[in-house]
Structures are given as C-alpha cells and as structure tokens.
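Visitor: Questions regarding the structure given below will be posed in turn.
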Amino acid sequence: VRISAPTMTFWCLFVCTLFLLLPITVQPFLSPSSWRRISRNMLPRVAESSTMLCAMSRRHLVLSSSTLALTAATICSGSSLAVAPVNEPDLAGARRSLSAVSYEMKRRSLPKPKPIFRPVLNRDFAVLLMRSSYSTLDSFDIVGMDQFQRDFFLIRAQGYEEYSRLAPNSQGELSDPSYFDYISFAQYTTIARCLSKPSKIITEEQPILPGDADFDEGSNVTQFRRAVLPMRADLEGKDLFEAHSRAVGETILTFFEDTYGGTQGAIPDGPLIIDAVKQLCRLFVIQGYAVSAVASQSGDTISVDWEGSCVDWSLDCFQSERFDND
C-alpha cells in the first residue's frame, strides 16, 4: 500500500488537532478538579506525541498511521478486539494493519450479490467445508489461531450489514446459501492473507486441559498457555495456497468416500478421471452445494460449470480482486 506524503501530513495534523480540541469540547461537562487533572495529563502527552511524529521517518509514519486507522475502525464497529502482536510485533502487526486498510478499500469495489435461486445447503456438509478450511490452516502453524479468529471477526463484521441489505440471509445459519456465501468469502479472505504472508514462528494461545502439569484444579475458568510454534517443516519452500487447497480437497474426498463408498453413489475408481469428477459433481449437487454442476474435458483440462452455487458471489469477488486461492 503506497500512501502519499501530503495525505500522511494531512492525517497527522488532523489527529493532533483532534487531541487539542478534545479538552475544549468536553470542558463544559467536567468539574474544575477533573478539568485540571485532564489538562495536567493530556497536554504533555499531546506535545510528546507531536514531537515523536515530527521525528519519525516516512516508513514508520506509514506503519503507525495504518495501525491507528485499524484501531479507529475497530472502536467504531463497537468491538473491543485489537490486533495482537506476533513474533515480530512492529512489522508483522503493521503489515496486517496495512492489509486491513487495503481490504476495506477493495471491499467497497466488490461485485454486488445477485438474486439467484440456490438450494438449501446440507448443514453437516457446510460445517465440514468451513471446518476443513480452518483446521488445515491451523495445522500449517503459520498464524496463531487466536489471531486468525480476531482477523476473521473484523473482516466478517466489516461488510455484513451492507451485504445483508442486498442479499437477505439467516445470520449464523450455514445451511442458508446466502449466508454461507458471505461467511466463505470472509473466511477465505482471512486465509489468503495468512497464506500470502506466513510467519516462520508463531505464538498461540492453547487450552490447558485437566491432567496437564499446568492445570489449576481450583480454577473455574478455561485456562490457556502461550505456546511458541515453528512453521511445519514439510511446508518450507512450498506453495502454501496449493498445499492448503489439496489438503482441504482430500478432506472433502474422504467425506464422500466414507458416506457413499459401497453404494451406487460411490466415486468410480476407473482409468478415466472425468468419470470420477462427474460423480463428484453429482455428490456436491446432492449436498445442496449448487443447482447443477457439469464437468467437461478438453485435452488434458477438466472444467466444471456451476449453476446457482452457494459460493457464487464470493467466487465473483475473488476473481474480480484476483485473489490467489480457490
């Protein structure tokens, strides 16, 4: 994200002016003792902050301003969540903040959802799709999952109200294709950010279970420990998008084999891959994933045409933004 120097100067002056005007605005509502206490504490800090801003290099100014923008957006949304530091607190946190600001700019130009007929999605299958995507990322150890949940929450909350006005849905109901479409977009937007900028070493909150040495028998609250984890060794140098897509696909394939194996709906194990793909399409349709799915082959390329899928809008968004994931 490139931010011009005049723009950054404007925002710095705006923030400083806001801090200077705040005491004047609230003074009529405060007692004299409260006003004196605020004046003593606030004005030196404003002066100190102004001095620090002037002394900062352009690089630090960009990073700090982006972090401030994300914090302001979080407060305005009514959330008390904040972006937690990771293994490189300054740079990694700033990268996520810059990414969040960039995402907000992109979100406003996303395609609008279209009113199309879509079948009700099998809820168990919907849960499998969401969980397999989450669990696969968790197994990579490239982002703390507590951090992932915070980022996922912020991205999900940012555009949901606007999306719901155009595509009414039952919030929280995964069998509703309109809601599943939105939540899939939010999940894979968050996953794509993690895969594109993985951390080699992460910190993550993990639950302390009964029987663990650190477990407090007298406590009535859920207990956690902070763990430091390296990225999975077998992923070094690999395309993480491809690795994630393959692992999720294998989980879905295993589900179909366990559910339909030994029946007429079993996936054929013959020499022609196109036959297996066509049967997979039928099984997806049975689960309510789409109205129809037609597989075709041209040379060594197999393509599938989906009609009325439960990810129709999110796929349009990813294609329009050229997000590098499926």
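Numbering starts fresh at 1 for the residues of each chain in the structure tokens, the chains themselves are lettered A, B, ... in the order given, and ligands are numbered from 1 as they appear.
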Produce a table with one row for each residue of segment 180-240 of chain A that has an atom at most 12 Å from any atom of segment 164-175 of chain A, each row naming the nearest atom pair and its distance in Å at one decimal; use only C-alpha atoms; arrange rows by chain and rising residue number; format as a tab-separated table.

Guide:
```
residue	atom	partner	partner_atom	distance
A:Phe180	CA	A:Leu174	CA	5.2
A:Asp181	CA	A:Leu174	CA	9.0
A:Tyr182	CA	A:Ser164	CA	9.1
A:Ile183	CA	A:Leu174	CA	8.5
A:Ser184	CA	A:Leu174	CA	9.8
```

Visitor: Excluding Cys310 of chain A and its own-chain neighbours fewer than 5 positions away, which residues fall within 8 Å of it when counting only C-alpha atoms? Please give them as a list in words.

Guide: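 Near neighbours after the sequence-gap exclusion: Arg118, Leu121, Pro177, Ser178, Phe180, Asp181, Tyr289 and Ala290 of chain A.
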
Visitor: Per residue of segment 126-187 of chain A within 6 Å of segment 215-237 of chain A, which atom pair is closest and at what distance in Å (one decimal), using only C-alpha atoms, listed by chain and increasing number, as a Markdown table?

Guide:
```
| residue | atom | partner | partner_atom | distance |
| --- | --- | --- | --- | --- |
| A:Phe140 | CA | A:Arg232 | CA | 5.6 |
| A:Asp141 | CA | A:Met231 | CA | 4.9 |
| A:Ile142 | CA | A:Met231 | CA | 5.4 |
```

Visitor: Take the residues from that selection and put them in a file with C-alpha atoms, as an mmCIF file, in the first residue's frame.

Guide:
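Saved to out.cif:
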```
data_model
loop_
_atom_site.group_PDB
_atom_site.id
_atom_site.type_symbol
_atom_site.label_atom_id
_atom_site.label_comp_id
_atom_site.auth_asym_id
_atom_site.auth_seq_id
_atom_site.Cartn_x
_atom_site.Cartn_y
_atom_site.Cartn_z
ATOM 1 C CA PHE A 140 0.317 -25.286 8.995
ATOM 2 C CA ASP A 141 1.334 -23.275 12.100
ATOM 3 C CA ILE A 142 1.841 -20.071 10.101
#
```

Visitor: From the options A:Pro198, A:Gly270, A:Gly308, A:Gly144, which residue's atoms come nearest to Ile116 of chain A, counting only C-alpha atoms?

Guide: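 Closest to Ile116 of chain A, using only C-alpha atoms: A:Gly308.
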
Visitor: Apply DSSP to the backbone of this structure and, from segment 94-283 of chain A, keep only the residues in alpha helix (DSSP H); write these as number ranges by chain.

Guide: A: 94-107, 123-140, 145-166, 177-196, 240-260, 273-283

Visitor: Tell me, in Å to one decimal, how far atom CA of Ile252 of chain A is from atom CA of Val285 of chain A.

Guide: 13.8 Å

Visitor: Might you pull out every residue within 6 Å of segment 149-158 of chain A, with only C-alpha atoms counted and same-chain residues fewer than 2 positions away left off, and present them as a ChimeraX atom specification?

Guide: /A:146-147,160,186,190

Visitor: Would you give me, as a ChimeraX atom specification, the residues in segment 286-323 of chain A that DSSP reads as strand (DSSP E)?

Guide: /A:292-298,301-307

Visitor: Just to be explicit: take each residue in the selection above, keep N, CA, C and O atoms, and write the result as a PDB file, in the first residue's frame.

Guide:
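Result saved to again35.pdb:
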```pdb
ATOM      1  N   SER A 292     -26.809 -27.124 -10.200  1.00  0.00           N
ATOM      2  CA  SER A 292     -26.255 -28.121 -11.115  1.00  0.00           C
ATOM      3  C   SER A 292     -24.762 -27.897 -11.273  1.00  0.00           C
ATOM      4  O   SER A 292     -24.250 -26.802 -11.010  1.00  0.00           O
ATOM      5  N   ALA A 293     -24.063 -28.953 -11.678  1.00  0.00           N
ATOM      6  CA  ALA A 293     -22.626 -28.877 -11.933  1.00  0.00           C
ATOM      7  C   ALA A 293     -22.312 -29.824 -13.086  1.00  0.00           C
ATOM      8  O   ALA A 293     -22.595 -31.020 -13.002  1.00  0.00           O
ATOM      9  N   VAL A 294     -21.743 -29.285 -14.146  1.00  0.00           N
ATOM     10  CA  VAL A 294     -21.463 -30.070 -15.349  1.00  0.00           C
ATOM     11  C   VAL A 294     -19.957 -30.081 -15.594  1.00  0.00           C
ATOM     12  O   VAL A 294     -19.339 -29.026 -15.773  1.00  0.00           O
ATOM     13  N   ALA A 295     -19.372 -31.284 -15.592  1.00  0.00           N
ATOM     14  CA  ALA A 295     -17.935 -31.439 -15.835  1.00  0.00           C
ATOM     15  C   ALA A 295     -17.694 -31.781 -17.297  1.00  0.00           C
ATOM     16  O   ALA A 295     -18.426 -32.565 -17.898  1.00  0.00           O
ATOM     17  N   SER A 296     -16.656 -31.199 -17.870  1.00  0.00           N
ATOM     18  CA  SER A 296     -16.289 -31.485 -19.255  1.00  0.00           C
ATOM     19  C   SER A 296     -14.772 -31.534 -19.367  1.00  0.00           C
ATOM     20  O   SER A 296     -14.061 -30.970 -18.533  1.00  0.00           O
ATOM     21  N   GLN A 297     -14.304 -32.214 -20.410  1.00  0.00           N
ATOM     22  CA  GLN A 297     -12.869 -32.375 -20.604  1.00  0.00           C
ATOM     23  C   GLN A 297     -12.475 -31.936 -22.004  1.00  0.00           C
ATOM     24  O   GLN A 297     -13.142 -32.256 -22.990  1.00  0.00           O
ATOM     25  N   SER A 298     -11.388 -31.194 -22.084  1.00  0.00           N
ATOM     26  CA  SER A 298     -10.822 -30.780 -23.358  1.00  0.00           C
ATOM     27  C   SER A 298      -9.324 -31.029 -23.306  1.00  0.00           C
ATOM     28  O   SER A 298      -8.584 -30.295 -22.646  1.00  0.00           O
ATOM     29  N   THR A 301      -7.364 -30.912 -19.895  1.00  0.00           N
ATOM     30  CA  THR A 301      -8.004 -29.962 -18.987  1.00  0.00           C
ATOM     31  C   THR A 301      -9.435 -30.379 -18.688  1.00  0.00           C
ATOM     32  O   THR A 301     -10.215 -30.670 -19.596  1.00  0.00           O
ATOM     33  N   ILE A 302      -9.771 -30.420 -17.399  1.00  0.00           N
ATOM     34  CA  ILE A 302     -11.135 -30.695 -16.949  1.00  0.00           C
ATOM     35  C   ILE A 302     -11.687 -29.447 -16.293  1.00  0.00           C
ATOM     36  O   ILE A 302     -11.042 -28.849 -15.429  1.00  0.00           O
ATOM     37  N   SER A 303     -12.867 -29.048 -16.717  1.00  0.00           N
ATOM     38  CA  SER A 303     -13.505 -27.860 -16.139  1.00  0.00           C
ATOM     39  C   SER A 303     -14.900 -28.217 -15.656  1.00  0.00           C
ATOM     40  O   SER A 303     -15.511 -29.175 -16.133  1.00  0.00           O
ATOM     41  N   VAL A 304     -15.391 -27.447 -14.704  1.00  0.00           N
ATOM     42  CA  VAL A 304     -16.724 -27.660 -14.139  1.00  0.00           C
ATOM     43  C   VAL A 304     -17.496 -26.352 -14.209  1.00  0.00           C
ATOM     44  O   VAL A 304     -17.006 -25.304 -13.766  1.00  0.00           O
ATOM     45  N   ASP A 305     -18.681 -26.406 -14.789  1.00  0.00           N
ATOM     46  CA  ASP A 305     -19.575 -25.246 -14.842  1.00  0.00           C
ATOM     47  C   ASP A 305     -20.626 -25.387 -13.748  1.00  0.00           C
ATOM     48  O   ASP A 305     -21.424 -26.325 -13.758  1.00  0.00           O
ATOM     49  N   TRP A 306     -20.603 -24.429 -12.781  1.00  0.00           N
ATOM     50  CA  TRP A 306     -21.539 -24.454 -11.669  1.00  0.00           C
ATOM     51  C   TRP A 306     -22.701 -23.508 -11.946  1.00  0.00           C
ATOM     52  O   TRP A 306     -22.498 -22.398 -12.443  1.00  0.00           O
ATOM     53  N   GLU A 307     -23.882 -23.915 -11.607  1.00  0.00           N
ATOM     54  CA  GLU A 307     -25.051 -23.051 -11.702  1.00  0.00           C
ATOM     55  C   GLU A 307     -25.708 -22.947 -10.327  1.00  0.00           C
ATOM     56  O   GLU A 307     -26.037 -23.946  -9.698  1.00  0.00           O
TER      57      GLU A 307
END
```

Visitor: Between A:Leu129, A:Gly159, A:Gly262, A:Phe185, which one has atoms that come closest to Cys317 of chain A, using only C-alpha atoms?

Guide: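 When distances to Cys317 of chain A are compared using only C-alpha atoms, the smallest one comes from A:Phe185.
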
Visitor: When you draw a straight line from atom CA of Val291 of chain A to atom CA of Pro119 of chain A, how long is it in Å?

Guide: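 Result for atom CA of Val291 of chain A versus atom CA of Pro119 of chain A: 6.4 Å, one decimal.
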
Visitor: For Leu137 of chain A, which residue out of A:Ala247, A:Ile274, A:Asp214, A:Asn122 is the nearest one, using only C-alpha atoms?

Guide: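 So, comparing all the options, the nearest one is A:Ala247.
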